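Pasting protein-v1.cif here (mmCIF, C-alpha atoms and all ligand atoms):
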data_structure
loop_
_atom_site.label_atom_id
_atom_site.label_comp_id
_atom_site.auth_asym_id
_atom_site.auth_seq_id
_atom_site.Cartn_x
_atom_site.Cartn_y
_atom_site.Cartn_z
CA MET Z 633 -28.83 17.29 -17.51
CA ALA Z 634 -29.77 19.20 -14.37
CA GLU Z 635 -28.29 22.70 -14.31
CA ASP Z 636 -27.92 23.00 -10.57
CA LEU Z 637 -27.38 20.66 -7.69
CA HIS Z 638 -30.14 20.59 -5.11
CA ILE Z 639 -28.97 19.72 -1.63
CA THR Z 640 -31.36 20.59 1.19
CA ALA Z 641 -30.32 17.95 3.75
CA SER Z 642 -28.21 18.84 6.73
CA SER Z 643 -26.76 15.47 7.75
CA LYS Z 644 -23.83 14.09 5.80
CA ALA Z 645 -25.53 10.78 4.93
CA GLU Z 646 -28.65 12.56 3.68
CA LYS Z 647 -26.55 14.96 1.62
CA TYR Z 648 -24.83 12.04 -0.10
CA GLN Z 649 -28.24 10.40 -0.59
CA GLN Z 650 -29.51 13.52 -2.36
CA LEU Z 651 -26.29 14.07 -4.30
CA TYR Z 652 -25.78 10.51 -5.57
CA PRO Z 653 -28.71 10.37 -8.07
CA GLN Z 654 -27.82 13.86 -9.28
CA ILE Z 655 -24.24 12.80 -10.01
CA LYS Z 656 -25.58 9.66 -11.68
CA SER Z 657 -27.76 11.65 -14.07
CA LEU Z 658 -24.98 14.19 -14.62
CA LEU Z 659 -22.73 11.42 -15.95
CA GLU Z 660 -25.40 9.61 -17.96
CA GLY Z 661 -24.81 9.71 -21.68
CA GLU Z 662 -21.28 11.12 -21.36
CA THR Z 663 -18.43 8.72 -22.08
CA ASP Z 664 -15.47 11.09 -21.74
CA SER Z 665 -13.71 10.15 -18.52
CA ILE Z 666 -12.01 13.54 -17.99
CA ALA Z 667 -15.32 15.39 -18.38
CA ASN Z 668 -17.00 13.00 -15.95
CA MET Z 669 -14.18 13.18 -13.38
CA ALA Z 670 -14.32 16.98 -13.60
CA ASN Z 671 -18.06 17.04 -12.93
CA VAL Z 672 -17.73 14.57 -10.04
CA CYS Z 673 -15.18 16.92 -8.44
CA ALA Z 674 -17.44 19.94 -8.86
CA ALA Z 675 -20.51 18.07 -7.61
CA LEU Z 676 -18.67 16.84 -4.51
CA LYS Z 677 -16.95 20.14 -3.75
CA PHE Z 678 -20.09 22.23 -3.99
CA GLY Z 679 -22.66 19.58 -3.01
CA MET Z 680 -20.81 18.47 0.11
CA THR Z 681 -18.91 21.73 0.74
CA PHE Z 682 -15.48 20.14 0.76
CA PHE Z 683 -12.31 22.24 0.63
CA TRP Z 684 -10.59 20.37 -2.20
CA VAL Z 685 -11.64 17.42 -4.34
CA GLY Z 686 -9.47 15.95 -7.04
CA PHE Z 687 -8.16 12.98 -8.92
CA TYR Z 688 -4.54 11.94 -9.20
CA LEU Z 689 -4.02 9.55 -12.11
CA ILE Z 690 -1.25 6.97 -12.47
CA LYS Z 691 1.06 7.87 -15.34
CA ASN Z 692 4.53 6.32 -15.78
CA ASN Z 693 4.44 4.92 -12.26
CA GLU Z 694 3.68 8.27 -10.68
CA LEU Z 695 0.49 10.05 -9.59
CA VAL Z 696 -0.20 13.09 -11.75
CA LEU Z 697 -2.82 15.71 -10.93
CA GLY Z 698 -6.04 15.23 -12.86
CA PRO Z 699 -9.40 17.01 -12.76
CA PHE Z 700 -9.94 18.84 -9.46
CA GLN Z 701 -11.87 21.63 -7.75
CA GLY Z 702 -10.28 23.88 -5.19
CA PRO Z 703 -7.01 25.73 -4.70
CA ILE Z 704 -3.98 24.87 -6.83
CA ALA Z 705 -2.27 21.62 -5.86
CA CYS Z 706 0.99 19.76 -6.26
CA THR Z 707 1.14 18.03 -9.61
CA ARG Z 708 3.16 14.84 -9.04
CA ILE Z 709 3.23 12.36 -6.16
CA SER Z 710 5.45 9.26 -6.00
CA LYS Z 711 4.16 5.83 -5.01
CA GLY Z 712 4.20 5.53 -1.22
CA LYS Z 713 4.52 9.30 -0.66
CA GLY Z 714 1.95 11.36 1.20
CA VAL Z 715 -1.56 10.14 1.81
CA CYS Z 716 -2.29 9.73 -1.90
CA GLY Z 717 0.86 7.77 -2.66
CA THR Z 718 0.27 5.57 0.39
CA ALA Z 719 -3.36 4.83 -0.60
CA TRP Z 720 -2.06 3.82 -4.02
CA LYS Z 721 0.73 1.64 -2.61
CA LYS Z 722 -1.57 -0.06 -0.10
CA ASN Z 723 -4.44 -0.16 -2.59
CA ASP Z 724 -6.71 0.88 0.24
CA VAL Z 725 -8.80 3.78 1.49
CA ILE Z 726 -7.01 6.08 3.96
CA ILE Z 727 -8.81 8.43 6.33
CA VAL Z 728 -6.64 11.02 8.07
CA ASP Z 729 -8.22 12.92 10.98
CA ASP Z 730 -5.32 15.37 11.30
CA VAL Z 731 -2.96 15.73 8.37
CA ASP Z 732 -0.14 16.98 10.64
CA GLN Z 733 -0.12 13.59 12.35
CA PHE Z 734 0.31 11.66 9.08
CA PRO Z 735 4.03 11.03 8.49
CA GLY Z 736 5.04 12.41 5.11
CA HIS Z 737 1.78 14.20 4.44
CA ILE Z 738 2.21 16.47 1.40
CA SER Z 739 0.82 19.85 2.32
CA CYS Z 740 -0.56 21.60 -0.74
CA SER Z 741 -2.52 24.03 1.43
CA SER Z 742 -2.06 24.88 5.10
CA LEU Z 743 -5.86 25.17 5.30
CA SER Z 744 -6.37 21.45 4.70
CA LYS Z 745 -6.77 19.68 8.08
CA SER Z 746 -8.18 16.23 7.34
CA GLU Z 747 -8.64 14.05 4.29
CA ILE Z 748 -9.83 10.84 2.74
CA VAL Z 749 -8.10 9.17 -0.20
CA LEU Z 750 -9.69 6.30 -2.13
CA PRO Z 751 -8.16 4.10 -4.83
CA PHE Z 752 -9.86 4.67 -8.18
CA TYR Z 753 -10.35 1.60 -10.41
CA ASN Z 754 -11.23 1.03 -14.04
CA SER Z 755 -13.92 -1.43 -15.13
CA LYS Z 756 -11.35 -4.28 -15.00
CA ASN Z 757 -10.77 -3.48 -11.33
CA GLU Z 758 -7.25 -2.21 -12.01
CA ILE Z 759 -6.12 0.79 -9.96
CA ILE Z 760 -5.74 3.83 -12.23
CA GLY Z 761 -5.44 6.61 -9.66
CA VAL Z 762 -6.87 7.99 -6.45
CA LEU Z 763 -9.61 10.38 -5.40
CA ASP Z 764 -8.40 12.86 -2.78
CA VAL Z 765 -10.93 14.83 -0.71
CA ASP Z 766 -9.72 17.47 1.76
CA SER Z 767 -11.48 19.39 4.51
CA GLU Z 768 -10.67 22.59 6.37
CA ASN Z 769 -11.80 20.90 9.59
CA TYR Z 770 -10.22 18.10 11.59
CA LYS Z 771 -11.88 14.64 11.64
CA SER Z 772 -14.23 15.37 8.75
CA PHE Z 773 -14.27 11.91 7.20
CA ASP Z 774 -15.62 8.55 8.33
CA GLU Z 775 -17.22 5.34 7.07
CA THR Z 776 -20.16 7.28 5.59
CA ASP Z 777 -17.80 9.17 3.28
CA LYS Z 778 -15.91 5.99 2.47
CA GLU Z 779 -19.04 4.09 1.42
CA TRP Z 780 -20.63 6.91 -0.60
CA LEU Z 781 -17.42 8.00 -2.29
CA LYS Z 782 -16.75 4.38 -3.30
CA LYS Z 783 -20.26 4.23 -4.81
CA ILE Z 784 -19.72 7.53 -6.62
CA LEU Z 785 -16.39 6.30 -8.06
CA LEU Z 786 -18.17 3.24 -9.46
CA LEU Z 787 -20.34 5.60 -11.52
CA LEU Z 788 -17.19 6.51 -13.45
CA ASN Z 789 -16.66 2.96 -14.72
N1 LIG Z 801 -2.92 15.55 0.65
C1 LIG Z 801 -2.16 14.90 -0.31
C2 LIG Z 801 -1.49 15.81 -1.27
C3 LIG Z 801 -2.41 16.36 -2.27
S1 LIG Z 801 -3.20 17.73 -1.75
O1 LIG Z 801 -3.82 17.62 -0.50
C4 LIG Z 801 -4.25 18.27 -2.90
C5 LIG Z 801 -1.20 13.86 0.22
O2 LIG Z 801 -0.52 13.97 1.24
O3 LIG Z 801 -1.14 12.88 -0.44
#
Turn this file's structure into structure tokens for me.
Ligand code: SME
Amino acid sequence: MAEDLHITASSKAEKYQQLYPQIKSLLEGETDSIANMANVCAALKFGMTFFWVGFYLIKNNELVLGPFQGPIACTRISKGKGVCGTAWKKNDVIIVDDVDQFPGHISCSSLSKSEIVLPFYNSKNEIIGVLDVDSENYKSFDETDKEWLKKILLLLN
């Protein structure tokens, strides 16, 4: 296992391109899903310089905070609530350019300005949670993030 991430690129797409194989090798040989989710969060937070990266996992019909990197966060989110609960309900990726414009956005930190939330599936393609990535800047996320984050989530299957 590599001890450090090496990201030299400056463009977002190139950063993901450099990060992806490093995450892949980081997860290789480890079957514990919590350990792997935790390392994915750390790799994304520090590799891509995001503000907050974390998983919310479905437990008893509610999203419960899982492995994350960043400031402390709210622990439970109902289906359909906030960006995370909406992504779960719609079973779809949601990109929010300005969190203050998203009705019902759950503000865990006033520093978070934009976010992307992706459904997280198990190997049977059943939704088991969401990945939430937050930025301190407005309009930080686009199709590039969507595609690469989807690919990275598949590494967890
Ligand atoms: N942004 C989320 C809440 C979780 S925190 O940002 C970590 C939402 O509205 O779903």
If you count only C-alpha atoms, which residues fall within 7 Å of Phe683 in chain Z, apart from same-chain ones fewer than 5 positions away, as a ChimeraX atom specification? /Z:677,702,766-768
What are the centre and the three edge lengths of an axis-aligned box that wraps all atoms of ligand LIG 801 (chain Z) in the file, given that 5 Å is added to every side, written as AutoDock Vina command-line options and rounded to one decimal in Å?
--center_x -2.4 --center_y 15.6 --center_z -0.8 --size_x 13.7 --size_y 15.4 --size_z 14.1
Selection within 6 Å of ligand LIG 801 (chain Z) by all atoms listed in the file, output as a PyMOL selection string: chain Z and resi 705+714-717+737-740
Residues near Asp636 in chain Z, cut-off 12 Å, only C-alpha atoms, skip fewer than 5 positions along chain, as a VMD selection string: chain Z and resid 651 654 to 655 657 to 658 671 674 to 675 678 to 679
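Nearest-residue note for Val749 in chain Z: choosing from Z:Glu646, Z:Asp729, Z:Asp724, Z:Asp664, the minimum distance belongs to Z:Asp724, counting all atoms listed in the file.
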Got a sec: who's within 12 Å of Pro703 in chain Z, counting all atoms listed in the file, leaving out chain neighbours fewer than 3 positions off, as a PyMOL selection string? chain Z and resi 677+682-686+700+706+740-744+766
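Considering the residues Z:Phe687, Z:Asn692, Z:Gln650, Z:Ser710 and counting only C-alpha atoms, Leu750 in chain Z has its shortest atom-to-atom contact with Z:Phe687.
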Using only C-alpha atoms, determine which residues lie at most 9 Å from Thr707 in chain Z, disregarding the query and same-chain residues fewer than 5 positions distant; provide the list as a PyMOL selection string. chain Z and resi 688+695-698
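Across the model, the gap from CA of Ser642 in chain Z to CA of Leu786 in chain Z is 24.6 Å.
Minimum atom-to-atom distance to Asn769 in chain Z, evaluated using all atoms listed in the file, belongs to Z:Thr681 out of Z:Thr681, Z:Pro699, Z:Glu694, Z:Thr718.
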Determine the nearest neighbour of Ile759 in chain Z from the options Z:Ala645, Z:Met669, Z:Leu785, Z:Ile639, counting only C-alpha atoms. Z:Leu785
For CA of Lys771 in chain Z and CA of Ile726 in chain Z, the interatomic separation in Å (one decimal):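 The value is 12.5 Å.
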As a check of understanding: the span from CA of Asp732 in chain Z to CA of Lys782 in chain Z is 25.1 Å
Excluding Asp730 in chain Z and its own-chain neighbours fewer than 3 positions away, which residues fall within 7 Å of it when counting only C-alpha atoms? Please give them as an MDAnalysis selection string. chainID Z and resid 733 745:746 770:771
Rank nothing, just name the residue among Z:Glu747, Z:Pro653, Z:Val762, Z:Gly712 nearest to Asp777 in chain Z, using only C-alpha atoms. Z:Glu747
